[in-house]
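Source file: protein-v3.cif; contents: mmCIF, C-alpha atoms and all ligand atoms.
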data_query
#
loop_
_atom_site.label_atom_id
_atom_site.label_comp_id
_atom_site.auth_asym_id
_atom_site.auth_seq_id
_atom_site.Cartn_x
_atom_site.Cartn_y
_atom_site.Cartn_z
CA MET I 1 -2.36 -10.11 39.18
CA SER I 2 -3.47 -12.18 42.09
CA ARG I 3 -1.82 -14.82 44.24
CA TYR I 4 -4.85 -17.01 43.56
CA TRP I 5 -4.05 -17.29 39.86
CA SER I 6 -2.62 -20.48 38.42
CA ALA I 7 0.86 -20.42 36.89
CA VAL I 8 -0.74 -20.86 33.45
CA VAL I 9 -2.76 -17.66 33.85
CA HIS I 10 0.30 -15.73 34.99
CA GLY I 11 2.04 -16.76 31.77
CA LEU I 12 -0.77 -15.87 29.32
CA THR I 13 -0.67 -13.03 26.79
CA PRO I 14 -4.34 -12.89 25.75
CA TYR I 15 -5.63 -11.83 22.34
CA VAL I 16 -6.94 -8.25 22.19
CA PRO I 17 -10.01 -8.05 19.93
CA GLY I 18 -10.80 -4.91 17.94
CA GLU I 19 -12.80 -2.35 19.84
CA GLN I 20 -16.62 -2.75 20.01
CA PRO I 21 -17.50 0.85 20.92
CA LYS I 22 -20.71 1.59 22.80
CA LEU I 23 -21.15 4.91 20.96
CA ALA I 24 -23.72 5.16 18.17
CA ASN I 25 -23.10 6.84 14.81
CA LEU I 26 -19.55 5.63 14.38
CA VAL I 27 -18.27 4.49 11.02
CA LYS I 28 -17.01 1.15 12.28
CA LEU I 29 -14.41 -0.28 9.93
CA ASN I 30 -12.18 -2.03 12.47
CA THR I 31 -13.24 -5.67 12.93
CA ASN I 32 -14.09 -6.93 9.44
CA GLU I 33 -17.78 -7.37 10.11
CA ASN I 34 -20.15 -7.38 7.15
CA PRO I 35 -21.90 -4.00 6.72
CA TYR I 36 -25.10 -5.69 5.49
CA ALA I 37 -27.81 -7.48 7.46
CA PRO I 38 -27.91 -11.28 7.53
CA SER I 39 -30.44 -13.10 5.37
CA PRO I 40 -34.08 -12.41 6.32
CA LYS I 41 -34.46 -16.20 6.47
CA VAL I 42 -31.96 -16.24 9.34
CA LEU I 43 -34.06 -13.75 11.28
CA ASP I 44 -37.19 -15.85 10.63
CA ALA I 45 -35.40 -18.97 11.87
CA LEU I 46 -34.28 -17.16 15.03
CA ARG I 47 -37.81 -15.93 15.76
CA ALA I 48 -39.15 -19.45 15.33
CA GLU I 49 -36.54 -20.70 17.79
CA ALA I 50 -37.69 -18.30 20.53
CA ALA I 51 -40.03 -20.89 21.98
CA GLU I 52 -40.82 -23.08 24.95
CA THR I 53 -38.20 -25.58 23.69
CA LEU I 54 -35.46 -23.29 25.05
CA ARG I 55 -35.83 -25.17 28.33
CA LEU I 56 -34.22 -28.15 26.61
CA TYR I 57 -30.54 -28.48 25.77
CA PRO I 58 -29.69 -28.08 22.09
CA ASP I 59 -28.48 -30.96 19.92
CA PRO I 60 -24.91 -31.49 21.21
CA ASN I 61 -23.75 -32.61 17.76
CA SER I 62 -25.56 -29.92 15.70
CA ASP I 63 -26.53 -32.66 13.25
CA ARG I 64 -28.92 -30.65 11.08
CA LEU I 65 -26.48 -27.78 10.79
CA ARG I 66 -23.59 -30.10 9.95
CA GLU I 67 -25.74 -31.73 7.28
CA GLY I 68 -26.58 -28.28 5.86
CA ILE I 69 -22.91 -27.27 5.78
CA ALA I 70 -22.00 -30.61 4.21
CA ALA I 71 -24.66 -30.19 1.51
CA TYR I 72 -23.39 -26.70 0.66
CA HIS I 73 -19.81 -27.90 0.31
CA GLY I 74 -20.49 -31.30 -1.28
CA VAL I 75 -18.96 -33.30 1.59
CA THR I 76 -20.47 -35.64 4.20
CA ALA I 77 -21.62 -34.60 7.68
CA ASP I 78 -18.87 -36.66 9.32
CA GLN I 79 -16.39 -34.36 7.57
CA VAL I 80 -17.83 -31.28 9.34
CA PHE I 81 -17.10 -29.95 12.82
CA VAL I 82 -18.92 -26.88 14.20
CA GLY I 83 -18.01 -24.54 17.04
CA ASN I 84 -18.86 -21.31 18.82
CA GLY I 85 -17.16 -19.07 16.27
CA SER I 86 -14.14 -20.20 14.29
CA ASP I 87 -12.03 -18.96 17.20
CA GLU I 88 -13.34 -21.85 19.27
CA VAL I 89 -12.88 -24.26 16.34
CA LEU I 90 -9.29 -23.02 16.00
CA ALA I 91 -8.65 -23.44 19.74
CA HIS I 92 -9.70 -27.10 19.49
CA VAL I 93 -7.60 -27.53 16.33
CA PHE I 94 -4.48 -26.30 18.14
CA LEU I 95 -4.96 -28.76 21.00
CA ALA I 96 -6.24 -31.70 18.95
CA LEU I 97 -4.05 -31.56 15.86
CA LEU I 98 -1.17 -29.09 16.23
CA LYS I 99 0.36 -29.97 19.61
CA HIS I 100 3.36 -32.15 18.80
CA GLU I 101 7.05 -32.32 19.54
CA ARG I 102 8.07 -30.38 16.44
CA PRO I 103 7.16 -26.68 16.25
CA ILE I 104 4.22 -25.66 14.11
CA LEU I 105 4.77 -23.05 11.41
CA PHE I 106 2.78 -19.90 10.67
CA PRO I 107 3.61 -16.53 9.09
CA ASP I 108 5.23 -13.76 11.14
CA ILE I 109 2.38 -11.48 10.08
CA THR I 110 -0.93 -13.28 10.45
CA TYR I 111 -3.99 -13.70 12.66
CA SER I 112 -2.70 -12.74 16.07
CA PHE I 113 -4.78 -15.36 17.88
CA TYR I 114 -2.46 -18.18 16.67
CA PRO I 115 0.42 -17.38 19.05
CA VAL I 116 -2.13 -16.92 21.85
CA TYR I 117 -3.37 -20.50 21.43
CA CYS I 118 0.24 -21.67 21.38
CA GLY I 119 0.73 -19.92 24.73
CA LEU I 120 -2.46 -21.35 26.22
CA TYR I 121 -1.73 -24.93 25.15
CA GLU I 122 2.07 -24.75 25.37
CA ILE I 123 2.56 -25.54 21.70
CA ALA I 124 6.00 -25.02 20.16
CA HIS I 125 5.89 -22.73 17.15
CA ARG I 126 8.14 -20.97 14.67
CA THR I 127 7.07 -17.94 12.66
CA VAL I 128 8.03 -17.74 9.00
CA PRO I 129 8.61 -14.24 7.55
CA LEU I 130 6.35 -13.15 4.71
CA THR I 131 8.21 -11.93 1.62
CA ASP I 132 8.94 -8.22 1.19
CA GLY I 133 5.66 -8.04 -0.75
CA PHE I 134 3.83 -9.63 2.24
CA GLU I 135 3.28 -12.95 0.46
CA ILE I 136 3.36 -16.48 1.85
CA ARG I 137 6.13 -18.48 0.12
CA VAL I 138 5.25 -22.18 0.19
CA ASP I 139 8.87 -23.33 -0.05
CA ASP I 140 9.47 -21.84 3.42
CA TYR I 141 6.96 -24.32 4.89
CA LEU I 142 8.40 -27.50 3.44
CA ALA I 143 10.76 -28.15 6.39
CA PRO I 144 9.81 -30.83 8.98
CA ASN I 145 7.17 -29.37 11.31
CA GLY I 146 4.43 -30.17 13.81
CA GLY I 147 1.80 -28.60 11.55
CA VAL I 148 1.18 -25.56 9.36
CA ILE I 149 -1.54 -22.94 9.73
CA PHE I 150 -2.34 -19.70 7.94
CA PRO I 151 -5.39 -17.80 6.77
CA ASN I 152 -6.12 -17.66 3.06
CA PRO I 153 -6.46 -14.83 2.22
CA ASN I 154 -4.02 -13.90 4.97
CA ALA I 155 -4.97 -11.45 7.70
CA PRO I 156 -4.27 -8.59 8.12
CA THR I 157 -2.66 -8.31 4.68
CA GLY I 158 -5.60 -9.58 2.59
CA ARG I 159 -3.20 -11.30 0.18
CA LEU I 160 -4.40 -14.54 -1.41
CA LEU I 161 -2.34 -17.67 -2.00
CA ALA I 162 -3.32 -19.51 -5.19
CA LEU I 163 -4.95 -22.92 -4.73
CA ALA I 164 -2.18 -24.51 -6.82
CA GLU I 165 0.33 -23.30 -4.20
CA ILE I 166 -1.73 -24.89 -1.42
CA GLU I 167 -1.70 -28.14 -3.39
CA ARG I 168 2.09 -27.86 -3.64
CA LEU I 169 2.28 -27.37 0.14
CA LEU I 170 0.09 -30.45 0.69
CA ALA I 171 2.20 -32.54 -1.70
CA GLY I 172 5.38 -31.59 0.18
CA ASN I 173 3.91 -31.81 3.68
CA ARG I 174 2.17 -35.13 4.23
CA ASP I 175 3.21 -35.95 7.80
CA SER I 176 1.57 -33.12 9.69
CA VAL I 177 -1.74 -31.30 9.52
CA VAL I 178 -2.11 -28.28 7.23
CA VAL I 179 -4.85 -25.89 8.41
CA ILE I 180 -6.17 -23.31 5.97
CA ASP I 181 -8.22 -20.66 7.80
CA GLU I 182 -10.70 -19.43 5.19
CA ALA I 183 -12.37 -16.71 7.28
CA TYR I 184 -12.32 -14.37 4.25
CA ILE I 185 -12.27 -16.74 1.25
CA ASP I 186 -15.80 -15.86 0.08
CA PHE I 187 -14.63 -12.36 -0.84
CA GLY I 188 -12.37 -13.40 -3.68
CA GLY I 189 -10.59 -16.72 -3.41
CA GLU I 190 -11.09 -20.35 -4.31
CA SER I 191 -11.75 -22.62 -1.35
CA ALA I 192 -9.44 -25.54 -0.53
CA VAL I 193 -12.45 -27.65 0.56
CA GLY I 194 -12.33 -29.43 -2.82
CA LEU I 195 -8.87 -30.78 -1.88
CA VAL I 196 -10.05 -32.48 1.32
CA ALA I 197 -11.03 -35.76 -0.40
CA ARG I 198 -7.46 -36.28 -1.68
CA HIS I 199 -5.52 -34.98 1.33
CA PRO I 200 -5.96 -36.70 4.72
CA GLN I 201 -3.82 -34.01 6.42
CA LEU I 202 -5.87 -31.00 5.24
CA LEU I 203 -8.29 -29.15 7.51
CA VAL I 204 -10.18 -26.08 6.26
CA VAL I 205 -11.63 -23.72 8.88
CA ARG I 206 -14.41 -21.29 8.01
CA THR I 207 -16.74 -18.84 9.72
CA LEU I 208 -20.19 -17.34 9.28
CA SER I 209 -18.97 -14.10 10.92
CA LYS I 210 -17.83 -12.39 7.73
CA SER I 211 -19.47 -13.44 4.45
CA HIS I 212 -22.74 -14.49 6.15
CA ALA I 213 -22.94 -11.29 8.24
CA LEU I 214 -23.38 -13.33 11.42
CA ALA I 215 -20.52 -12.24 13.69
CA GLY I 216 -23.05 -11.86 16.50
CA LEU I 217 -24.27 -15.46 16.26
CA ARG I 218 -20.81 -17.03 16.79
CA VAL I 219 -20.67 -19.98 14.39
CA GLY I 220 -17.59 -21.39 12.74
CA TYR I 221 -16.78 -24.79 11.26
CA ALA I 222 -14.02 -27.04 10.01
CA ILE I 223 -14.00 -29.46 7.08
CA GLY I 224 -11.60 -32.36 6.86
CA GLN I 225 -11.54 -36.11 6.59
CA ALA I 226 -13.46 -37.93 9.34
CA HIS I 227 -10.34 -38.93 11.30
CA LEU I 228 -9.40 -35.24 11.80
CA ILE I 229 -12.98 -34.32 12.74
CA GLU I 230 -13.04 -37.12 15.31
CA ALA I 231 -10.04 -35.55 17.07
CA LEU I 232 -11.89 -32.23 17.29
CA VAL I 233 -15.02 -33.91 18.65
CA ARG I 234 -12.93 -35.60 21.34
CA VAL I 235 -11.61 -32.22 22.49
CA LYS I 236 -15.04 -30.57 22.25
CA ASP I 237 -16.61 -33.30 24.37
CA SER I 238 -13.87 -32.81 26.95
CA PHE I 239 -14.62 -29.08 27.14
CA ASN I 240 -18.26 -28.17 26.37
CA SER I 241 -20.74 -30.62 24.85
CA TYR I 242 -23.15 -27.85 23.77
CA PRO I 243 -21.02 -25.14 22.13
CA LEU I 244 -23.83 -24.03 19.78
CA ASP I 245 -27.13 -23.01 21.33
CA ARG I 246 -30.50 -23.50 19.64
CA PHE I 247 -30.42 -20.03 18.04
CA ALA I 248 -26.94 -20.51 16.61
CA GLN I 249 -27.81 -23.89 15.10
CA ALA I 250 -31.09 -22.71 13.54
CA GLY I 251 -29.77 -19.35 12.29
CA ALA I 252 -26.59 -20.79 10.82
CA LEU I 253 -28.53 -23.53 9.01
CA ALA I 254 -30.90 -20.96 7.47
CA SER I 255 -27.91 -18.92 6.31
CA MET I 256 -26.10 -21.88 4.74
CA GLN I 257 -29.30 -22.75 2.87
CA ASP I 258 -29.76 -19.19 1.57
CA HIS I 259 -26.49 -19.04 -0.30
CA ALA I 260 -27.88 -16.77 -3.03
CA TYR I 261 -28.30 -14.11 -0.32
CA PHE I 262 -24.83 -14.26 1.20
CA GLU I 263 -23.24 -14.48 -2.23
CA SER I 264 -25.08 -11.28 -3.19
CA ILE I 265 -23.86 -9.31 -0.16
CA CYS I 266 -20.30 -10.57 -0.79
CA ALA I 267 -20.54 -9.27 -4.37
CA LYS I 268 -21.59 -5.85 -3.05
CA VAL I 269 -18.62 -5.77 -0.66
CA VAL I 270 -16.25 -6.76 -3.47
CA ALA I 271 -17.61 -3.99 -5.76
CA THR I 272 -17.11 -1.40 -2.98
CA ARG I 273 -13.62 -2.77 -2.31
CA THR I 274 -12.63 -2.21 -5.95
CA ARG I 275 -13.78 1.40 -5.78
CA LEU I 276 -12.19 2.03 -2.38
CA VAL I 277 -8.83 0.67 -3.55
CA SER I 278 -8.80 2.76 -6.69
CA GLU I 279 -9.76 5.97 -4.81
CA MET I 280 -7.13 5.39 -2.13
CA GLU I 281 -4.46 4.65 -4.72
CA GLY I 282 -5.48 7.89 -6.40
CA MET I 283 -4.69 9.64 -3.10
CA GLY I 284 -1.19 8.14 -3.03
CA PHE I 285 -1.83 5.18 -0.71
CA GLU I 286 -0.09 1.89 -1.36
CA VAL I 287 -2.80 -0.78 -1.06
CA LEU I 288 -1.89 -4.48 -0.96
CA PRO I 289 -3.96 -6.61 -3.37
CA SER I 290 -6.90 -7.78 -1.27
CA ALA I 291 -9.11 -10.85 -1.68
CA ALA I 292 -10.82 -10.13 1.66
CA ASN I 293 -13.47 -7.77 3.05
CA PHE I 294 -10.73 -5.42 4.24
CA ILE I 295 -7.77 -3.65 2.74
CA PHE I 296 -4.28 -3.07 4.13
CA ALA I 297 -2.91 0.30 3.10
CA ARG I 298 -0.15 2.76 3.92
CA HIS I 299 0.40 6.39 3.06
CA PRO I 300 3.89 7.41 1.86
CA VAL I 301 4.03 10.30 4.35
CA HIS I 302 1.47 9.86 7.11
CA ASP I 303 2.10 7.40 9.91
CA GLY I 304 -0.47 4.61 10.47
CA ALA I 305 -1.01 5.25 14.19
CA GLU I 306 -1.47 8.93 13.66
CA LEU I 307 -3.91 8.49 10.79
CA ALA I 308 -5.94 6.02 12.88
CA ALA I 309 -6.09 8.53 15.74
CA ARG I 310 -7.13 11.40 13.45
CA LEU I 311 -9.84 9.24 11.84
CA ARG I 312 -11.14 8.34 15.27
CA GLU I 313 -11.56 12.03 16.09
CA ARG I 314 -13.85 12.08 13.05
CA SER I 315 -15.81 9.06 14.41
CA ILE I 316 -14.25 6.60 11.94
CA ILE I 317 -12.63 3.54 13.48
CA VAL I 318 -10.06 1.47 11.58
CA ARG I 319 -7.52 -1.04 12.90
CA HIS I 320 -3.85 -0.26 13.43
CA PHE I 321 -1.23 -2.78 14.57
CA ARG I 322 1.92 -1.46 16.27
CA ASN I 323 3.70 -4.79 15.93
CA PRO I 324 5.59 -6.09 14.13
CA ALA I 325 7.33 -2.85 13.06
CA ARG I 326 7.04 -3.82 9.39
CA ILE I 327 3.26 -3.31 9.45
CA ALA I 328 3.15 -0.26 11.76
CA PRO I 329 2.79 2.17 8.80
CA PHE I 330 -0.37 0.33 7.61
CA LEU I 331 -4.05 0.66 8.38
CA ARG I 332 -6.42 -2.28 8.11
CA ILE I 333 -9.71 -0.95 6.87
CA THR I 334 -12.87 -3.06 6.69
CA VAL I 335 -14.84 -2.56 3.50
CA GLY I 336 -18.13 -1.03 4.63
CA THR I 337 -21.14 0.19 2.67
CA ASP I 338 -20.56 2.71 -0.13
CA GLU I 339 -21.70 5.48 2.24
CA GLN I 340 -19.28 4.41 4.97
CA CYS I 341 -16.41 4.23 2.49
CA ASP I 342 -17.33 7.69 1.16
CA ALA I 343 -17.13 9.06 4.72
CA LEU I 344 -13.72 7.44 5.13
CA LEU I 345 -12.45 8.80 1.82
CA ALA I 346 -13.66 12.31 2.65
CA ALA I 347 -11.87 12.18 6.00
CA LEU I 348 -8.65 10.87 4.43
CA LYS I 349 -8.76 13.61 1.82
CA ALA I 350 -8.96 16.18 4.60
CA LEU I 351 -6.09 14.55 6.52
CA CYS I 352 -3.56 13.63 3.84
C1 LIG I 401 -8.15 -15.05 10.09
C2 LIG I 401 -9.26 -15.16 11.06
N1 LIG I 401 -9.61 -16.36 11.50
C3 LIG I 401 -10.61 -16.50 12.38
C4 LIG I 401 -11.31 -15.42 12.87
C5 LIG I 401 -12.35 -15.64 13.92
O1 LIG I 401 -13.63 -15.49 13.48
P1 LIG I 401 -14.88 -15.95 14.32
O2 LIG I 401 -14.42 -16.43 15.67
O3 LIG I 401 -15.75 -14.75 14.41
O4 LIG I 401 -15.50 -17.07 13.53
C6 LIG I 401 -10.97 -14.14 12.44
C7 LIG I 401 -11.71 -12.97 12.97
O5 LIG I 401 -11.44 -11.85 12.74
C8 LIG I 401 -9.91 -14.01 11.52
O6 LIG I 401 -9.52 -12.80 11.10
#
Representation of the structure as C-alpha cells:
Amino acid sequence: MSRYWSAVVHGLTPYVPGEQPKLANLVKLNTNENPYAPSPKVLDALRAEAAETLRLYPDPNSDRLREGIAAYHGVTADQVFVGNGSDEVLAHVFLALLKHERPILFPDITYSFYPVYCGLYEIAHRTVPLTDGFEIRVDDYLAPNGGVIFPNPNAPTGRLLALAEIERLLAGNRDSVVVIDEAYIDFGGESAVGLVARHPQLLVVRTLSKSHALAGLRVGYAIGQAHLIEALVRVKDSFNSYPLDRFAQAGALASMQDHAYFESICAKVVATRTRLVSEMEGMGFEVLPSAANFIFARHPVHDGAELAARLRERSIIVRHFRNPARIAPFLRITVGTDEQCDALLAALKALC
C-alpha cells in the first residue's frame, strides 16, 4: 500500500497465476502448459526473425498472422483479432464488448481472471452456479444480461458443453455478446467458430499457449464478425498499437500453418489423459469428464490442499483452489508426458 496509489489500484484484487518455479527437475503439472515442444517450424521462424530488422517496429495489425489464422479457420482476416496472449484479448473484450448497464453472466466456478477484469474495468457481473455435476446449464443464462462469457471446455473443471447447447444459448441471447473462451477446445471439443457467420453476437477467443505449446510466446486471438473485431481494434489502438512483437507474429504464423504438428501433440496429450483418468479412477479418485489438457479430481478421503502439499514435497506441482469451498477437495492436474504422469501416479499411490 502506498499513498501514491490511485483509488483504482487500492480497489484491485489481482489474478494470481500458477507458480512458475525456478527449480529444475520438477514435475510441473500446475499451469496447463503443453509438455511437448512447439513445432520445429516455429523455432526456424524465430531464428529467421533474429535479424537486423528488429530495429523496426513490428506490423501493428499483424496482417500476415491474421491471414494465417483466418485461413486455418475458414474465415476472413477482418474477422480475426490478435493479442499478447488470450489474457490480453480477453481484457480488451471485457472493456470493448462486455461493459454495459446490465450485469454480465459467467459461472461461479470458472477462469478466475474474469472477475479480475470486472474489477479493473468496473463491470457489473453476476455469477451463475454450475450444477451439482459441475455443468453449465444454458437455461440459467437466458435472462436479460450485459453479456455472457465462459470457457468451453470450462476451467478448472474440464467439462465440455455441447455445440448444440451453445447454439441454443445464441438463439435465446441475441441482444448481448456471447464470448466462448476456447483455450482448451483442441483437446476434445468442437469449436464454435463455425457459428460465427450466422451469429453477429458471438465471439470465440482462442490461444496458442496450450494446444500449440507456445505459452512462452504469448499469442491469443478472437474470431467474430467484423463489427465485433472493430471494437477490439479500437481498444487495442487506445492501449498499445504493437501488442505482438516480430517473434510472436512470425512464430505464431508458422505454428498455425503447421497444423499437422499441433494436432499430433494434442492427440498424444489426449491418449495420456485417457490413461491417467483410468488409473486415478482405479485408485478411488472421482475424476470429472475432461475435454481439456488437465483433469479435475478428488479423493474420497484425502483433502485437496493436503495432497497438493504432499505432492510438492515429492517435487510434483499441481494446482489447488481453496475457493469456492465446493472445489476445495479437488486437484487440477495438467496432463503431462507419460513419464510425468507415471511419476504422479507413483506418488499418489504412496500417499493415498
Ligand atoms: C480459460 C482460460 N482462458 C484463457 C487463458 C489465458 O491464456 P493465455 O493468456 O496464455 O493465452 C487461460 C490460461 O490458463 C485459461 O485457462
Shortest interatomic distance to Asn152 of chain I - which of I:Leu98, I:Ala292, I:Ala37, I:Ala213, counting only C-alpha atoms: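 When distances to Asn152 of chain I are compared using only C-alpha atoms, the smallest one comes from I:Ala292.
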Taking a cut-off of 7 Å and counting all atoms listed in the file, can you build a table that, for each residue of chain I near ligand LIG 401 (chain I), reports the nearest atom pair and how far apart they are in Å (one decimal), sorted by chain then residue number, as JSON lines?
{"residue": "I:Thr31", "atom": "CA", "partner": "I:LIG401", "partner_atom": "O5", "distance": 6.4}
{"residue": "I:Asn32", "atom": "CA", "partner": "I:LIG401", "partner_atom": "O5", "distance": 6.5}
{"residue": "I:Gly85", "atom": "CA", "partner": "I:LIG401", "partner_atom": "O4", "distance": 3.8}
{"residue": "I:Ser86", "atom": "CA", "partner": "I:LIG401", "partner_atom": "O4", "distance": 3.5}
{"residue": "I:Asp87", "atom": "CA", "partner": "I:LIG401", "partner_atom": "O2", "distance": 3.8}
{"residue": "I:Glu88", "atom": "CA", "partner": "I:LIG401", "partner_atom": "O2", "distance": 6.6}
{"residue": "I:Tyr111", "atom": "CA", "partner": "I:LIG401", "partner_atom": "C1", "distance": 5.1}
{"residue": "I:Pro151", "atom": "CA", "partner": "I:LIG401", "partner_atom": "C1", "distance": 5.1}
{"residue": "I:Asn154", "atom": "CA", "partner": "I:LIG401", "partner_atom": "C1", "distance": 6.7}
{"residue": "I:Ala155", "atom": "CA", "partner": "I:LIG401", "partner_atom": "C1", "distance": 5.4}
{"residue": "I:Asp181", "atom": "CA", "partner": "I:LIG401", "partner_atom": "N1", "distance": 5.8}
{"residue": "I:Ala183", "atom": "CA", "partner": "I:LIG401", "partner_atom": "N1", "distance": 5.1}
{"residue": "I:Thr207", "atom": "CA", "partner": "I:LIG401", "partner_atom": "O4", "distance": 4.4}
{"residue": "I:Leu208", "atom": "CA", "partner": "I:LIG401", "partner_atom": "O4", "distance": 6.3}
{"residue": "I:Ser209", "atom": "CA", "partner": "I:LIG401", "partner_atom": "O3", "distance": 4.8}
{"residue": "I:Ala215", "atom": "CA", "partner": "I:LIG401", "partner_atom": "O3", "distance": 5.4}
{"residue": "I:Arg218", "atom": "CA", "partner": "I:LIG401", "partner_atom": "O3", "distance": 6.0}
{"residue": "I:Val219", "atom": "CA", "partner": "I:LIG401", "partner_atom": "O4", "distance": 6.0}
{"residue": "I:Gly220", "atom": "CA", "partner": "I:LIG401", "partner_atom": "O4", "distance": 4.9}
So which residues touch His125 of chain I within 12 Å, counting all atoms listed in the file, skipping near sequence neighbours fewer than 6 positions away, as a PyMOL selection string? chain I and resi 94+98-108+114-119+145-149
Sorted per-residue table, segment 5-78 of chain I near segment 259-278 of chain I, closest atoms and distance, 9 Å, only C-alpha atoms, as a Markdown table:
| residue | atom | partner | partner_atom | distance |
| --- | --- | --- | --- | --- |
| I:Asn34 | CA | I:Val269 | CA | 8.1 |
| I:Pro35 | CA | I:Val269 | CA | 8.3 |
| I:Tyr36 | CA | I:Ile265 | CA | 6.8 |
| I:Ala37 | CA | I:Ile265 | CA | 8.8 |
| I:Pro38 | CA | I:Phe262 | CA | 7.6 |
| I:Ser39 | CA | I:Tyr261 | CA | 6.2 |
| I:Pro40 | CA | I:Tyr261 | CA | 9.0 |
| I:Tyr72 | CA | I:His259 | CA | 8.3 |
Residue nearest Gly18 of chain I - candidates I:Leu170, I:Glu33, I:Gln340, I:Leu311, atoms counted: all atoms listed in the file: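 Residue with the minimum atom-to-atom distance to Gly18 of chain I: I:Glu33.
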For Leu351 of chain I, the closest of I:Leu142, I:Ile327, I:Met283, I:Ile295 counting all atoms listed in the file is I:Met283
Å distance separating atom CA of Val179 of chain I from atom CA of Ile123 of chain I, one decimal place: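 These two atoms are separated by 15.2 Å.
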Some atoms are absent from segment 100-118 of chain I, so rebuild N, CA and C atoms and return them as a compact mmCIF listing (two decimals), in the coordinates of the input.
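Dumped to out.txt:
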# COMPACT_ATOMS: atom_id res chain seq x y z
N HIS I 100 2.44 -31.03 19.01
CA HIS I 100 3.36 -32.15 18.80
C HIS I 100 4.76 -31.73 19.26
N GLU I 101 5.69 -32.65 19.13
CA GLU I 101 7.05 -32.32 19.54
C GLU I 101 7.65 -31.22 18.66
N ARG I 102 7.49 -31.37 17.36
CA ARG I 102 8.07 -30.38 16.44
C ARG I 102 7.26 -29.08 16.48
N PRO I 103 7.92 -27.93 16.26
CA PRO I 103 7.16 -26.68 16.25
C PRO I 103 6.23 -26.58 15.05
N ILE I 104 5.09 -25.96 15.25
CA ILE I 104 4.22 -25.66 14.11
C ILE I 104 4.72 -24.38 13.44
N LEU I 105 4.33 -24.21 12.19
CA LEU I 105 4.77 -23.05 11.41
C LEU I 105 3.58 -22.17 11.06
N PHE I 106 3.75 -20.86 11.24
CA PHE I 106 2.78 -19.90 10.67
C PHE I 106 3.51 -18.60 10.36
N PRO I 107 2.90 -17.74 9.52
CA PRO I 107 3.61 -16.53 9.09
C PRO I 107 3.89 -15.57 10.25
N ASP I 108 4.92 -14.75 10.08
CA ASP I 108 5.23 -13.76 11.14
C ASP I 108 4.14 -12.69 11.22
N ILE I 109 3.48 -12.45 10.08
CA ILE I 109 2.38 -11.48 10.08
C ILE I 109 1.13 -12.26 9.69
N THR I 110 0.26 -12.46 10.69
CA THR I 110 -0.93 -13.28 10.45
C THR I 110 -1.93 -13.02 11.56
N TYR I 111 -2.95 -13.87 11.64
CA TYR I 111 -3.99 -13.70 12.66
C TYR I 111 -3.34 -13.83 14.04
N SER I 112 -3.48 -12.79 14.84
CA SER I 112 -2.70 -12.74 16.07
C SER I 112 -3.25 -13.64 17.18
N PHE I 113 -4.31 -14.38 16.90
CA PHE I 113 -4.78 -15.36 17.88
C PHE I 113 -3.90 -16.63 17.86
N TYR I 114 -3.22 -16.91 16.74
CA TYR I 114 -2.46 -18.18 16.67
C TYR I 114 -1.40 -18.29 17.78
N PRO I 115 -0.55 -17.25 17.96
CA PRO I 115 0.42 -17.38 19.05
C PRO I 115 -0.22 -17.43 20.43
N VAL I 116 -1.43 -16.87 20.55
CA VAL I 116 -2.13 -16.92 21.85
C VAL I 116 -2.51 -18.37 22.18
N TYR I 117 -3.04 -19.09 21.19
CA TYR I 117 -3.37 -20.50 21.43
C TYR I 117 -2.11 -21.31 21.76
N CYS I 118 -1.01 -20.96 21.08
CA CYS I 118 0.24 -21.67 21.38
C CYS I 118 0.63 -21.45 22.84
